[in-house]
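**Q** Okay, here's the structure, questions in a sec.
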Amino acid sequence: MPELLHPILILLIGLATGFVDGTVGGGGLLSIPSLMLLGLPPQVAIATDRLGSLGETLASLSKYAKAKKIVWKYVPPLIILAIFNSFLGAKILFTIDPATVQKIVSALILVLLPLIFIKPNLGLEQIATSKWKKIIGFIIYFLLMILAATFGAGVGPLVAYAFMYFFGFTMITASATKILPYFFLSVSSVAIFARHGLIDYKNGVIFLIGMTIGGYLGAHTALQKGDRWVKR
């Protein structure tokens with residue numbers, strides 16, 4: 001591969017990943033396999049992707065916060081769970097084959113995907129849910145964030161579905177509310193991965209720039225297009 005082409009590809013992967021993550025999440029399904037194809041080992045690809053997510057989350061957070069789409073009362077407990085799971089997920093990542101985690105995430109997507117068709121209006125309007133339903137939602141979120149901390153790819157849409165079903169969020173408020181907790185998870189994870197020397201900083205800085213721009217554009221597009229477009 002020509003020397004100049006490699007950083008351009010890293011930047012483009014970051015842009016595409018950031019756009020998807022800034023809209024609904026799940027960009028890791030694109031970025032992690034792509035980084036691996038460019039020669040990064042699986043754990044290094046995951047760690048470098050987590051570095052890029054720092055820029056994406058801050059960029060999209062600024063757009064959603066300004067638009068007042070974040071349900072702030074849920075943010076503190078979600079942050080606590082995210083930080084705890086960052087340590088747990090990193091520990092799992094060091095001891096389990098990432099391919100196994102990817103299979104688990106794929107299976108969960110297939111399980112939760114029918115919710116879109118069973119409830120056609122899910123995520124299109126804010127609804128009230130019961131206390132017990134919210135408790136179940138926090139439990140589901142806890143389990144999903146273990147996967148997010150371990151592998152990351154594909155978990156964003158699952159969290160959004162859980163927020164819509166168990167907390168009654170719209171598609172956009174679900175995407176917006178999950179961003180700040182994921183930022184804290186990313187900060188903790190990056191610190192752990194850096195200590196173990198897993199981050200490829202040469203590619204990671206370029207990837208972070210791409211994800212930052214993509215995240216801002218993704219959030220902007222979601223706010224412009226609305227819940228129905230994001231859900232599709």
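Each chain in the structure tokens gets a letter, A, B, ..., in the order shown, and its residues are numbered from 1; ligands are numbered from 1 in order too.
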So which residues touch Ala194 of chain A within 12 Å, counting only C-alpha atoms, skipping near sequence neighbours fewer than 3 positions away, as a ChimeraX atom specification?
**A** /A:43-44,46-48,50-51,90,186-191,197-201,204
**Q** Give me the segment 24-63 of chain A side of the contact with segment 161-181 of chain A, cut-off 7 Å, one line per residue showing its nearest atom pair and distance in Å at one decimal, counting only C-alpha atoms, sorted by chain and residue number, as a Markdown table.
**A**
```
| residue | atom | partner | partner_atom | distance |
| --- | --- | --- | --- | --- |
| A:Val24 | CA | A:Ser175 | CA | 5.5 |
| A:Thr57 | CA | A:Ile179 | CA | 5.9 |
| A:Leu61 | CA | A:Ile179 | CA | 6.4 |
```
**Q** Excluding same-chain residues fewer than 5 positions from Ala149 of chain A, what lies within 9 Å of it counting only C-alpha atoms, as JSON, numbers by chain?
**A** {"A": [82, 85, 86, 87, 88, 89, 90, 92, 93, 144, 185, 186, 189]}
**Q** Excluding same-chain residues fewer than 5 positions from Thr23 of chain A, what lies within 7 Å of it counting only C-alpha atoms, as an MDAnalysis selection string?
**A** chainID A and resid 218:219 222 230
**Q** Would you mind writing down, as an MDAnalysis selection string, each residue of segment 151-211 of chain A that DSSP on the backbone assigns to alpha helix (DSSP H)?
**A** chainID A and resid 155:167 171:177 179:195 201:211
**Q** Identify which of the residues A:Lys91, A:Lys63, A:His196, A:His6 lies closest to Leu217 of chain A, counting only C-alpha atoms when measuring atom-to-atom distances.
**A**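 Under the stated criterion, the closest residue is A:Lys63.
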